[in-house]
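Source file: work.csv; contents: CSV, C-alpha atoms and all ligand atoms.
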```
chain,number,residue,atom,x,y,z
A,1,MET,CA,6.5,6.8,20.4
A,2,VAL,CA,3.2,7.8,18.9
A,3,ALA,CA,0.7,5.0,19.3
A,4,HIS,CA,-2.9,5.8,18.6
A,5,ALA,CA,-5.8,3.5,18.4
A,6,PRO,CA,-7.3,3.3,14.9
A,7,ARG,CA,-9.9,6.0,14.5
A,8,ARG,CA,-12.7,6.8,12.1
A,9,ALA,CA,-12.3,9.6,9.7
A,10,SER,CA,-15.3,11.3,11.2
A,11,GLU,CA,-13.6,11.4,14.6
A,12,VAL,CA,-10.5,13.1,13.3
A,13,THR,CA,-10.4,16.9,13.8
A,14,GLY,CA,-6.7,17.4,12.9
A,15,VAL,CA,-7.2,17.9,9.2
A,16,VAL,CA,-7.1,21.5,8.4
A,17,GLY,CA,-5.9,21.8,4.8
A,18,TRP,CA,-7.3,21.0,1.4
A,19,TRP,CA,-5.4,22.2,-1.7
A,20,HIS,CA,-3.4,24.6,0.5
A,21,THR,CA,-0.6,26.3,-1.2
A,22,PRO,CA,2.5,26.0,0.9
A,23,ASP,CA,3.2,29.7,1.0
A,24,VAL,CA,3.6,29.4,4.8
A,25,ASP,CA,6.6,27.2,5.5
A,26,VAL,CA,5.8,24.1,7.4
A,27,GLU,CA,7.3,24.6,10.9
A,28,GLU,CA,9.4,21.9,12.6
A,29,GLY,CA,7.1,20.0,14.9
A,30,ALA,CA,3.9,21.2,13.2
A,31,VAL,CA,1.4,18.3,13.4
A,32,LEU,CA,-1.6,19.3,11.3
A,33,ALA,CA,-1.5,17.6,7.9
A,34,GLU,CA,-1.8,19.9,5.0
A,35,VAL,CA,-3.0,18.3,1.8
A,36,LEU,CA,-0.9,19.9,-0.9
A,37,ARG,CA,-1.3,20.2,-4.6
A,38,PRO,CA,1.7,18.4,-6.1
A,39,ASP,CA,2.9,21.4,-8.0
A,40,ALA,CA,6.5,22.8,-7.8
A,41,ALA,CA,5.8,24.5,-4.5
A,42,GLY,CA,4.2,21.3,-3.0
A,43,ILE,CA,7.1,19.1,-4.1
A,44,ALA,CA,9.6,21.7,-2.7
A,45,ALA,CA,7.8,21.7,0.7
A,46,ALA,CA,7.9,17.9,0.8
A,47,VAL,CA,11.6,17.8,-0.2
A,48,ARG,CA,12.4,20.3,2.7
A,49,ILE,CA,10.6,18.0,5.2
A,50,LEU,CA,12.3,14.9,3.8
A,51,ARG,CA,15.8,16.6,3.9
A,52,ARG,CA,15.5,17.3,7.6
A,53,GLY,CA,14.5,13.7,8.4
A,54,GLY,CA,10.7,14.2,8.3
A,55,VAL,CA,7.9,12.1,6.9
A,56,VAL,CA,5.4,13.0,4.1
A,57,GLY,CA,2.4,11.4,2.5
A,58,MET,CA,3.2,10.4,-1.1
A,59,PRO,CA,0.8,9.1,-3.7
A,60,THR,CA,1.9,6.0,-5.7
A,61,GLU,CA,0.0,3.9,-8.2
A,62,THR,CA,-0.8,1.2,-5.6
A,63,VAL,CA,-1.7,3.1,-2.4
A,64,TYR,CA,-0.5,6.2,-0.6
A,65,GLY,CA,2.9,5.8,1.1
A,66,LEU,CA,4.3,7.3,4.3
A,67,ALA,CA,7.7,8.4,2.9
A,68,ALA,CA,11.0,9.2,4.6
A,69,ASP,CA,14.7,9.0,3.7
A,70,ALA,CA,15.3,5.2,3.6
A,71,LEU,CA,19.0,5.7,4.4
A,72,ASP,CA,18.4,7.8,7.5
A,73,PRO,CA,17.7,5.6,10.6
A,74,ALA,CA,16.0,8.4,12.6
A,75,ALA,CA,13.7,9.3,9.7
A,76,VAL,CA,12.7,5.6,9.2
A,77,THR,CA,12.2,5.2,13.0
A,78,ARG,CA,9.6,8.1,12.7
A,79,ILE,CA,7.7,6.1,10.1
A,80,PHE,CA,7.4,3.1,12.5
A,81,ALA,CA,6.3,5.4,15.3
A,82,ILE,CA,3.6,7.2,13.3
A,83,LYS,CA,2.2,4.0,11.9
A,84,GLY,CA,2.4,2.0,15.1
A,85,ARG,CA,4.1,-0.6,12.9
A,86,PRO,CA,6.0,-3.5,14.6
A,87,ALA,CA,9.8,-3.0,14.3
A,88,ASP,CA,10.3,-6.4,12.6
A,89,ASN,CA,8.0,-5.6,9.7
A,90,PRO,CA,10.4,-4.2,7.1
A,91,LEU,CA,9.7,-1.3,4.7
A,92,ILE,CA,9.7,-1.1,0.9
A,93,VAL,CA,12.4,1.2,-0.4
A,94,HIS,CA,11.3,3.3,-3.4
A,95,LEU,CA,13.7,4.3,-6.1
A,96,ARG,CA,13.4,6.8,-8.9
A,97,SER,CA,14.7,4.3,-11.5
A,98,ALA,CA,16.3,0.9,-11.7
A,99,GLN,CA,19.6,2.6,-12.2
A,100,GLU,CA,19.6,3.4,-8.5
A,101,LEU,CA,19.4,-0.3,-7.5
A,102,GLU,CA,23.1,-0.4,-6.7
A,103,ARG,CA,22.7,2.2,-4.0
A,104,VAL,CA,20.6,-0.2,-1.9
A,105,VAL,CA,21.4,-3.8,-2.7
A,106,ALA,CA,24.6,-5.8,-2.2
A,107,ALA,CA,24.0,-7.9,-5.3
A,108,THR,CA,21.5,-8.1,-8.1
A,109,THR,CA,20.5,-11.2,-10.0
A,110,PRO,CA,19.6,-12.0,-13.6
A,111,LEU,CA,16.0,-12.7,-12.4
A,112,ALA,CA,15.8,-9.3,-10.7
A,113,GLU,CA,17.1,-7.6,-13.8
A,114,ALA,CA,14.6,-9.3,-16.0
A,115,LEU,CA,11.7,-8.5,-13.7
A,116,ALA,CA,12.8,-4.9,-13.3
A,117,MET,CA,13.1,-4.5,-17.0
A,118,SER,CA,9.6,-5.8,-17.5
A,119,PHE,CA,7.7,-4.4,-14.6
A,120,TRP,CA,9.4,-1.2,-13.5
A,121,PRO,CA,8.2,1.4,-13.0
A,122,GLY,CA,5.3,-0.5,-11.6
A,123,PRO,CA,3.7,-2.4,-8.7
A,124,LEU,CA,6.3,-5.2,-8.3
A,125,THR,CA,8.6,-5.2,-5.2
A,126,LEU,CA,11.8,-7.2,-5.4
A,127,VAL,CA,13.5,-8.7,-2.4
A,128,LEU,CA,17.4,-8.8,-2.8
A,129,GLU,CA,20.4,-9.0,-0.6
A,130,VAL,CA,20.7,-5.7,1.3
A,131,GLY,CA,23.5,-3.1,0.6
A,132,GLU,CA,25.6,-1.7,3.4
A,133,ASP,CA,24.1,1.8,3.2
A,134,VAL,CA,20.7,0.7,4.2
A,135,PRO,CA,20.1,0.9,8.0
A,136,ALA,CA,18.8,-2.1,9.8
A,137,VAL,CA,15.7,-0.3,10.9
A,138,THR,CA,14.6,-0.1,7.3
A,139,THR,CA,14.8,-3.8,6.8
A,140,GLY,CA,13.5,-4.9,10.2
A,141,GLY,CA,17.0,-6.3,10.8
A,142,LEU,CA,16.8,-8.7,7.8
A,143,ARG,CA,19.8,-9.2,5.4
A,144,THR,CA,17.5,-8.5,2.5
A,145,VAL,CA,15.8,-5.4,1.3
A,146,ALA,CA,12.5,-4.9,-0.6
A,147,ILE,CA,12.7,-2.4,-3.5
A,148,ARG,CA,10.5,-1.0,-6.2
A,149,VAL,CA,10.2,1.9,-8.7
A,150,PRO,CA,6.8,3.4,-8.4
A,151,ASP,CA,4.8,4.3,-11.5
A,152,HIS,CA,3.2,7.6,-10.4
A,153,PRO,CA,4.2,11.0,-11.7
A,154,VAL,CA,4.1,12.6,-8.3
A,155,ALA,CA,6.2,9.8,-6.7
A,156,THR,CA,8.7,10.1,-9.6
A,157,GLU,CA,8.9,13.8,-9.2
A,158,LEU,CA,9.4,13.7,-5.5
A,159,LEU,CA,12.1,10.9,-5.7
A,160,THR,CA,13.9,12.9,-8.4
A,161,ALA,CA,13.7,16.2,-6.5
A,162,VAL,CA,14.9,14.7,-3.2
A,163,GLY,CA,17.6,12.5,-4.7
A,164,ARG,CA,17.4,9.9,-2.0
A,165,PRO,CA,15.7,6.4,-1.9
A,166,LEU,CA,12.4,6.7,0.1
A,167,ALA,CA,11.1,4.1,2.5
A,168,ALA,CA,7.3,4.2,2.2
A,169,PRO,CA,4.9,1.7,3.7
A,170,SER,CA,1.2,2.4,3.3
A,171,ALA,CA,0.2,5.7,4.9
A,172,ASN,CA,-2.4,4.3,7.3
A,173,ARG,CA,-2.2,3.7,11.0
A,174,SER,CA,-1.4,-0.1,11.4
A,175,GLY,CA,-4.6,-2.0,11.4
A,176,ARG,CA,-6.5,0.4,9.2
A,177,PRO,CA,-7.2,-0.2,5.5
A,178,SER,CA,-4.5,1.2,3.2
A,179,PRO,CA,-5.2,4.7,2.0
A,180,THR,CA,-6.1,5.3,-1.6
A,181,THR,CA,-6.8,9.0,-1.4
A,182,ALA,CA,-5.0,12.0,0.2
A,183,GLU,CA,-8.1,12.4,2.5
A,184,HIS,CA,-7.6,8.8,3.8
A,185,VAL,CA,-4.1,9.7,4.8
A,186,ALA,CA,-5.1,12.9,6.5
A,187,ALA,CA,-7.9,11.1,8.3
A,188,ASP,CA,-5.6,8.4,9.7
A,189,LEU,CA,-2.4,10.4,10.3
A,190,GLY,CA,-3.5,14.0,10.1
A,191,ASP,CA,-2.2,15.0,13.5
A,192,ASP,CA,1.2,13.3,13.1
A,193,LEU,CA,2.0,14.4,9.6
A,194,GLU,CA,2.8,17.8,8.2
A,195,VAL,CA,2.2,17.3,4.5
A,196,VAL,CA,0.3,14.9,2.2
A,197,LEU,CA,0.9,15.4,-1.6
A,198,ASP,CA,-2.4,14.9,-3.3
A,199,GLY,CA,-2.1,12.8,-6.4
A,200,GLY,CA,-5.8,11.9,-6.6
A,201,PRO,CA,-7.2,8.4,-6.2
A,202,CYS,CA,-4.6,5.6,-6.7
A,203,PRO,CA,-5.1,4.0,-10.1
A,204,VAL,CA,-4.3,0.4,-8.9
A,205,GLY,CA,-5.7,0.4,-5.3
A,206,VAL,CA,-4.0,-2.6,-3.8
A,207,GLU,CA,-0.4,-3.0,-2.7
A,208,SER,CA,2.5,-4.2,-4.8
A,209,THR,CA,3.3,-7.8,-5.4
A,210,VAL,CA,6.4,-8.8,-3.3
A,211,VAL,CA,8.7,-11.4,-4.8
A,212,ASP,CA,12.0,-12.8,-3.6
A,213,ALA,CA,14.2,-12.3,-6.6
A,214,ARG,CA,17.4,-13.8,-5.2
A,215,GLY,CA,17.1,-17.2,-6.9
A,216,ASP,CA,16.3,-18.4,-10.4
A,217,GLU,CA,12.6,-18.2,-10.1
A,218,PRO,CA,10.5,-15.5,-8.4
A,219,VAL,CA,8.9,-16.6,-5.0
A,220,VAL,CA,5.8,-14.7,-4.3
A,221,LEU,CA,5.9,-13.4,-0.7
A,222,ARG,CA,2.8,-11.2,-1.0
A,223,GLU,CA,0.0,-11.2,-3.6
A,224,GLY,CA,-0.4,-7.9,-5.4
A,225,SER,CA,-1.4,-6.2,-8.5
A,226,ILE,CA,1.2,-7.8,-10.7
A,227,SER,CA,-0.3,-11.3,-11.0
A,228,ARG,CA,1.4,-14.7,-11.2
A,229,GLU,CA,0.2,-14.8,-14.8
A,230,ASP,CA,2.1,-11.6,-15.4
A,231,LEU,CA,5.3,-13.0,-13.8
A,232,ARG,CA,5.0,-16.2,-15.7
A,233,SER,CA,4.8,-14.4,-19.0
A,234,ILE,CA,8.3,-13.1,-18.3
A,235,VAL,CA,10.1,-15.8,-16.5
A,236,GLY,CA,8.1,-18.9,-17.5
A,237,VAL,CA,10.6,-19.6,-20.1
A,238,ARG,CA,13.4,-19.5,-17.6
A,239,SER,CA,14.6,-22.8,-16.1
A,240,ARG,CA,11.7,-24.9,-14.9
A,241,ALA,CA,8.4,-23.2,-15.6
A,242,THR,CA,6.8,-25.0,-12.7
A,243,ALA,CA,4.9,-24.9,-9.5
A,244,ALA,CA,7.8,-23.0,-7.9
A,245,HIS,CA,6.0,-19.9,-9.2
A,246,ASP,CA,3.1,-20.8,-7.0
A,247,ARG,CA,4.9,-21.1,-3.8
A,248,THR,CA,4.0,-18.5,-1.2
A,249,ASP,CA,6.8,-18.3,1.2
A,250,VAL,CA,5.0,-16.8,4.2
A,251,GLN,CA,7.9,-17.2,6.6
A,252,ALA,CA,10.1,-14.9,4.4
A,253,SER,CA,7.5,-12.0,4.4
A,254,PRO,CA,7.2,-10.7,7.9
A,255,GLY,CA,4.3,-8.5,7.1
A,256,THR,CA,2.0,-11.3,6.3
A,257,ARG,CA,2.3,-12.6,9.9
A,258,TYR,CA,0.5,-9.7,11.3
A,259,ARG,CA,-3.2,-9.4,11.9
A,260,HIS,CA,-4.5,-7.2,9.1
A,261,TYR,CA,-7.3,-4.7,8.9
A,262,ALA,CA,-10.4,-5.9,10.7
A,263,PRO,CA,-13.4,-3.7,10.0
A,264,THR,CA,-15.7,-2.7,12.8
A,265,CYS,CA,-18.6,-4.3,10.8
A,266,ALA,CA,-18.8,-8.0,10.0
A,267,LEU,CA,-17.6,-8.8,6.4
A,268,GLU,CA,-19.1,-11.6,4.4
A,269,ILE,CA,-17.8,-12.7,1.0
A,270,ALA,CA,-20.5,-14.0,-1.3
A,271,ALA,CA,-20.3,-15.8,-4.6
A,272,SER,CA,-21.1,-13.6,-7.5
A,273,ALA,CA,-24.5,-15.0,-8.2
A,274,ASP,CA,-25.6,-14.9,-4.5
A,275,ALA,CA,-24.3,-11.5,-3.3
A,276,ALA,CA,-27.5,-9.5,-3.8
A,277,SER,CA,-29.8,-12.2,-2.5
A,278,ARG,CA,-27.6,-12.8,0.5
A,279,ALA,CA,-27.6,-9.1,1.3
A,280,ALA,CA,-31.4,-8.9,1.0
A,281,GLU,CA,-31.7,-12.0,3.3
A,282,LEU,CA,-29.5,-10.4,6.0
A,283,ALA,CA,-31.4,-7.0,5.7
A,284,ALA,CA,-34.7,-8.8,6.1
A,285,SER,CA,-33.6,-9.9,9.5
A,286,GLY,CA,-33.6,-6.3,10.6
A,287,ILE,CA,-29.9,-5.4,10.6
A,288,SER,CA,-28.1,-2.7,8.5
A,289,VAL,CA,-26.5,-4.3,5.5
A,290,GLY,CA,-24.1,-2.8,2.9
A,291,LEU,CA,-23.2,-4.3,-0.5
A,292,VAL,CA,-20.1,-4.1,-2.7
A,293,ALA,CA,-21.1,-5.8,-5.9
A,294,SER,CA,-21.3,-5.7,-9.6
A,295,CYS,CA,-25.1,-5.4,-9.4
A,296,PRO,CA,-27.3,-2.8,-7.9
A,297,ALA,CA,-28.2,-3.1,-4.2
A,298,PRO,CA,-31.7,-4.7,-3.6
A,299,GLU,CA,-34.3,-2.7,-1.6
A,300,GLY,CA,-33.3,-2.3,2.0
A,301,VAL,CA,-29.6,-2.7,1.4
A,302,ARG,CA,-27.2,0.2,1.2
A,303,SER,CA,-25.0,0.2,-1.9
A,304,ILE,CA,-21.4,0.9,-0.7
A,305,ALA,CA,-19.7,0.4,-4.0
A,306,ARG,CA,-20.5,-1.0,-7.4
A,307,PHE,CA,-17.7,-2.4,-9.6
A,308,THR,CA,-17.4,-3.8,-13.1
A,309,ASP,CA,-14.5,-6.2,-12.8
A,310,ALA,CA,-11.6,-7.2,-10.5
A,311,PRO,CA,-9.3,-4.3,-11.4
A,312,ASP,CA,-12.2,-1.9,-10.7
A,313,LEU,CA,-12.9,-3.6,-7.3
A,314,ALA,CA,-9.2,-3.3,-6.5
A,315,ARG,CA,-9.4,0.5,-7.1
A,316,GLN,CA,-12.5,0.9,-4.9
A,317,LEU,CA,-11.9,-1.8,-2.2
A,318,TYR,CA,-10.2,0.2,0.6
A,319,ALA,CA,-12.4,3.2,0.2
A,320,ALA,CA,-15.4,0.9,0.3
A,321,LEU,CA,-14.2,-0.6,3.6
A,322,ARG,CA,-13.8,2.8,5.1
A,323,ASP,CA,-17.2,3.9,3.8
A,324,ALA,CA,-18.8,0.8,5.3
A,325,GLU,CA,-17.4,1.8,8.7
A,326,ASP,CA,-18.4,5.4,8.4
A,327,THR,CA,-22.0,4.5,7.5
A,328,ALA,CA,-22.1,2.1,10.4
A,329,VAL,CA,-23.5,-0.9,8.6
A,330,ASP,CA,-23.7,-4.1,10.7
A,331,VAL,CA,-22.7,-6.5,7.9
A,332,LEU,CA,-20.9,-5.7,4.6
A,333,VAL,CA,-21.5,-8.3,1.9
A,334,VAL,CA,-18.8,-8.2,-0.8
A,335,GLU,CA,-19.1,-10.1,-4.1
A,336,ALA,CA,-16.2,-12.4,-4.8
A,337,VAL,CA,-14.2,-12.0,-8.0
A,338,PRO,CA,-12.4,-14.8,-9.9
A,339,GLU,CA,-8.9,-15.5,-8.5
A,340,VAL,CA,-6.9,-14.6,-11.6
A,341,GLY,CA,-4.9,-11.5,-12.3
A,342,VAL,CA,-5.4,-8.8,-9.6
A,343,GLY,CA,-8.4,-10.8,-8.4
A,344,ARG,CA,-6.1,-13.0,-6.4
A,345,ALA,CA,-4.7,-10.0,-4.5
A,346,VAL,CA,-8.3,-8.6,-4.0
A,347,MET,CA,-9.5,-11.9,-2.6
A,348,ASP,CA,-6.4,-12.2,-0.4
A,349,ARG,CA,-7.1,-8.8,1.2
A,350,LEU,CA,-10.9,-9.6,1.5
A,351,ARG,CA,-10.2,-12.8,3.3
A,352,ARG,CA,-7.8,-11.1,5.7
A,353,ALA,CA,-10.4,-8.4,6.5
A,354,ALA,CA,-13.1,-11.1,7.0
A,355,GLU,CA,-11.0,-13.2,9.4
B,1,LIG,P1,3.7,-2.3,3.1
B,1,LIG,O1,4.8,-1.4,2.9
B,1,LIG,O2,2.8,-2.0,4.2
B,1,LIG,O3,3.0,-2.5,1.8
B,1,LIG,O4,4.3,-3.7,3.4
B,1,LIG,C1,5.5,-4.2,2.8
B,1,LIG,C2,5.5,-5.7,2.7
B,1,LIG,O5,6.8,-6.1,2.2
B,1,LIG,C3,5.3,-6.4,4.0
B,1,LIG,O6,4.5,-7.5,3.8
B,1,LIG,C4,6.7,-6.7,4.4
B,1,LIG,O7,6.8,-7.9,5.2
B,1,LIG,C5,7.3,-7.1,3.0
B,1,LIG,N1,8.8,-6.9,3.0
B,1,LIG,C6,9.5,-5.8,3.1
B,1,LIG,N2,10.8,-6.0,3.2
B,1,LIG,C7,11.0,-7.3,3.1
B,1,LIG,C8,12.1,-8.2,3.0
B,1,LIG,N3,13.3,-7.8,3.1
B,1,LIG,N4,11.8,-9.5,2.9
B,1,LIG,C9,10.6,-10.0,2.8
B,1,LIG,N5,9.5,-9.2,2.8
B,1,LIG,C10,9.7,-7.9,3.0
B,2,MG,MG,0.6,-1.7,4.7
```
Written as C-alpha cells, that's how I'd like the structure from this file.
Amino acid sequence: MVAHAPRRASEVTGVVGWWHTPDVDVEEGAVLAEVLRPDAAGIAAAVRILRRGGVVGMPTETVYGLAADALDPAAVTRIFAIKGRPADNPLIVHLRSAQELERVVAATTPLAEALAMSFWPGPLTLVLEVGEDVPAVTTGGLRTVAIRVPDHPVATELLTAVGRPLAAPSANRSGRPSPTTAEHVAADLGDDLEVVLDGGPCPVGVESTVVDARGDEPVVLREGSISREDLRSIVGVRSRATAAHDRTDVQASPGTRYRHYAPTCALEIAASADAASRAAELAASGISVGLVASCPAPEGVRSIARFTDAPDLARQLYAALRDAEDTAVDVLVVEAVPEVGVGRAVMDRLRRAAE
C-alpha cells in the first residue's frame, strides 16, 4: 500500500521527464513519471502499461485522471493505493462511446439515454445499475456504477487504442487539489507513476457532474461543469419539471462524505465587490495575502490568478490553489462568482476548500 502524505510540487524530486519520447520502453516497476507527448508512440506506451494492469495519467476535459483497466480488480486496486483513496469511494468508469454502455451496466434507462445523447462525450457522469463484469473494487462495493464518455481527443484515442473501459479518478494524491496539467500529476504522483500523457491544460477545470440516472429525473449527486440549467434544458419537459432536479442526494455519493482539499493557507471567499479591498485590508495587517479575482491585485497583495467569468475561474481554480501554496501566502482571498452554470460547482469546491 502506497500512502504518502500530500506534498508540495517543490518538494518532489521524482519528476524526470518532460516531452520525453518513449523510445526507451517503460520497465515494469519503474517509478519515475515520464510526461509523454500524446503522439502514436506515447499512446502505445500508455496502452502497454494498461494492458499489463498498470496505471497511467490521462488528460480529460475536466481534470487529469489516473487511469487503469476498470474491469481488472488488481489494476483498480493499484489506483486506490496510489491515490490513498478510501476503498468505499467508487471510481468513474470512462468509455470511448455510449455504444459501450452495455459492457458495464446491468440496465439502462430512458433518462440515461436522453442524457447520454445530449451530453456525451462530455463532463456528465451517469450512475446506473452495475453490470456483472465490473469488479466490486471499482464501485466501492455498490450495486451501481458511475460512467461517462470524456470529451478530450487524447482520452478518446487512448480508450480506442486500449479497447477497455478505464476507471479514472482525478490523478492527485487524496486531499490535494485535482490536477489540471500534466505537471500537476507528475508533482503529486511522480514517483508512483510511469507515464503521464500530456494533453495540455484541461479546458473545463472542474470535475464532472454526477447524476443518478436510474429514475425518471436526474438526481444530482455532485455538482460539476454540466449545470442544473443544462440538465433542465433536456429533461425539464419530462414528467414533473420540479424541485426534484434540485435534490442533492449526498448519501448516495460516497465521495462527497470525505474531507476535501484543505489548503495549507487560509482561504477566504469574498463578495465580488469586496475582494480587492478585503485583500488589501488583510495585507495591511502585515500578513502575506494572495488574490484570485476579476480585478487587479491592490498594492501589497500578490495576484495569484485573474479571471473573467465563472468558466474562466473553473479552468484556473485548482492551479491557483497550488500556486497559493507554493508561494506560501498566509491567506488566499478568492472572489465569489454567481451560483449559476459552472459557478455552482466552482463555489461548491471553494467552500469545501475553505472549510
Ligand atoms: P472522482 O473520480 O475523484 O472525480 O470522484 C468520483 C465521484 O463520483 C465521487 O464523488 C464518487 O463518490 C462518485 N461516484 C462514483 N461512483 C458512484 C456510484 N456508483 N454512486 C454514487 N456516486 C458515485
Ligand atoms: Mg477526485
Compile the contact shell of stretch 103-113 of chain A as a short mmCIF file (atom, residue, chain, number, x, y, z; two decimals) with C-alpha atoms, in the frame of the given file: residues with an atom at most 6 Å away, counting all atoms listed in the file, same-chain residues fewer than 6 positions apart removed.
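Contents of out35.cif, as written:
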```
data_model
loop_
_atom_site.label_atom_id
_atom_site.label_comp_id
_atom_site.auth_asym_id
_atom_site.auth_seq_id
_atom_site.Cartn_x
_atom_site.Cartn_y
_atom_site.Cartn_z
CA GLU A 129 20.40 -9.00 -0.60
CA VAL A 130 20.70 -5.70 1.30
CA GLY A 131 23.50 -3.10 0.60
CA ALA A 213 14.20 -12.30 -6.60
#
```
List all protein, DNA and RNA residues that have any atom at most 8 Å from ligand LIG 1 (chain B), counting only C-alpha atoms and all ligand atoms, and write the list as a PyMOL selection string. chain A and resi 65+89-92+125+127-128+130+139-140+142-147+168-170+207-208+210-212+221-222+252-256
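Remark: for A:Pro38, the closest of the candidate residues A:Glu281, A:Asp198, A:Glu335, A:Asp216 is A:Asp198 (distances computed over all atoms listed in the file).
Nearest residue to ligand MG 2 (chain B), choosing from A:Val329, A:Val342, A:Val63, A:Leu124 and counting only C-alpha atoms and all ligand atoms: A:Val63.
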Please tell me which residues are no farther than 12 Å from (-5.5, 2.8, 4.8) in the file, counting all atoms listed in the file, and write them as a PyMOL selection string. chain A and resi 6-9+57+62-66+83+169-189+202+205-207+260-263+317-323
Between atom CA of A:Asp230 and atom CA of A:Pro218 - distance in Å to one decimal: 11.6 Å
Which residues are near A:Ala297? Cut-off 12 Å, all atoms listed in the file, ignore same chain within fewer than 6 positions. Put them as a PyMOL selection string. chain A and resi 275-280+283+289-291+303-307+332-335
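The space separating atom CA of A:Gly54 from atom CA of A:Ala68 comes to 6.2 Å.
Non-sequential neighbours of A:Ser97 (distance at most 10 Å, separation of 2 or more positions within a chain, only C-alpha atoms) are His94, Leu95, Gln99, Glu100, Leu101, Ala116, Trp120, Pro121, Arg148, Val149, Pro150, Asp151, Thr156, Leu159, Thr160 and Pro165 of chain A.
The space between atom CA of A:Gly42 and atom CA of A:Val76 spans 21.6 Å.
For the residues A:Val196, A:Ala270, A:Gly224, A:Arg37, ranking by smallest atom-to-atom distance to ligand MG 2 (chain B) using only C-alpha atoms and all ligand atoms places A:Gly224 first.
Using all atoms listed in the file, the shortest contact distance between ligand MG 2 (chain B) and any of A:Ala136, A:Arg349, A:His152, A:Ala271 is found at A:Arg349.
When all atoms listed in the file are used to measure the gap to A:Ala81, the shortest distance among A:Leu193, A:Leu166, A:Ala353, A:Ala33 belongs to A:Leu193.
With all atoms listed in the file as the basis for measurement, A:Gly190 is the residue among A:Arg52, A:Glu132, A:Glu157, A:Gly190 that approaches A:Ile82 most closely.
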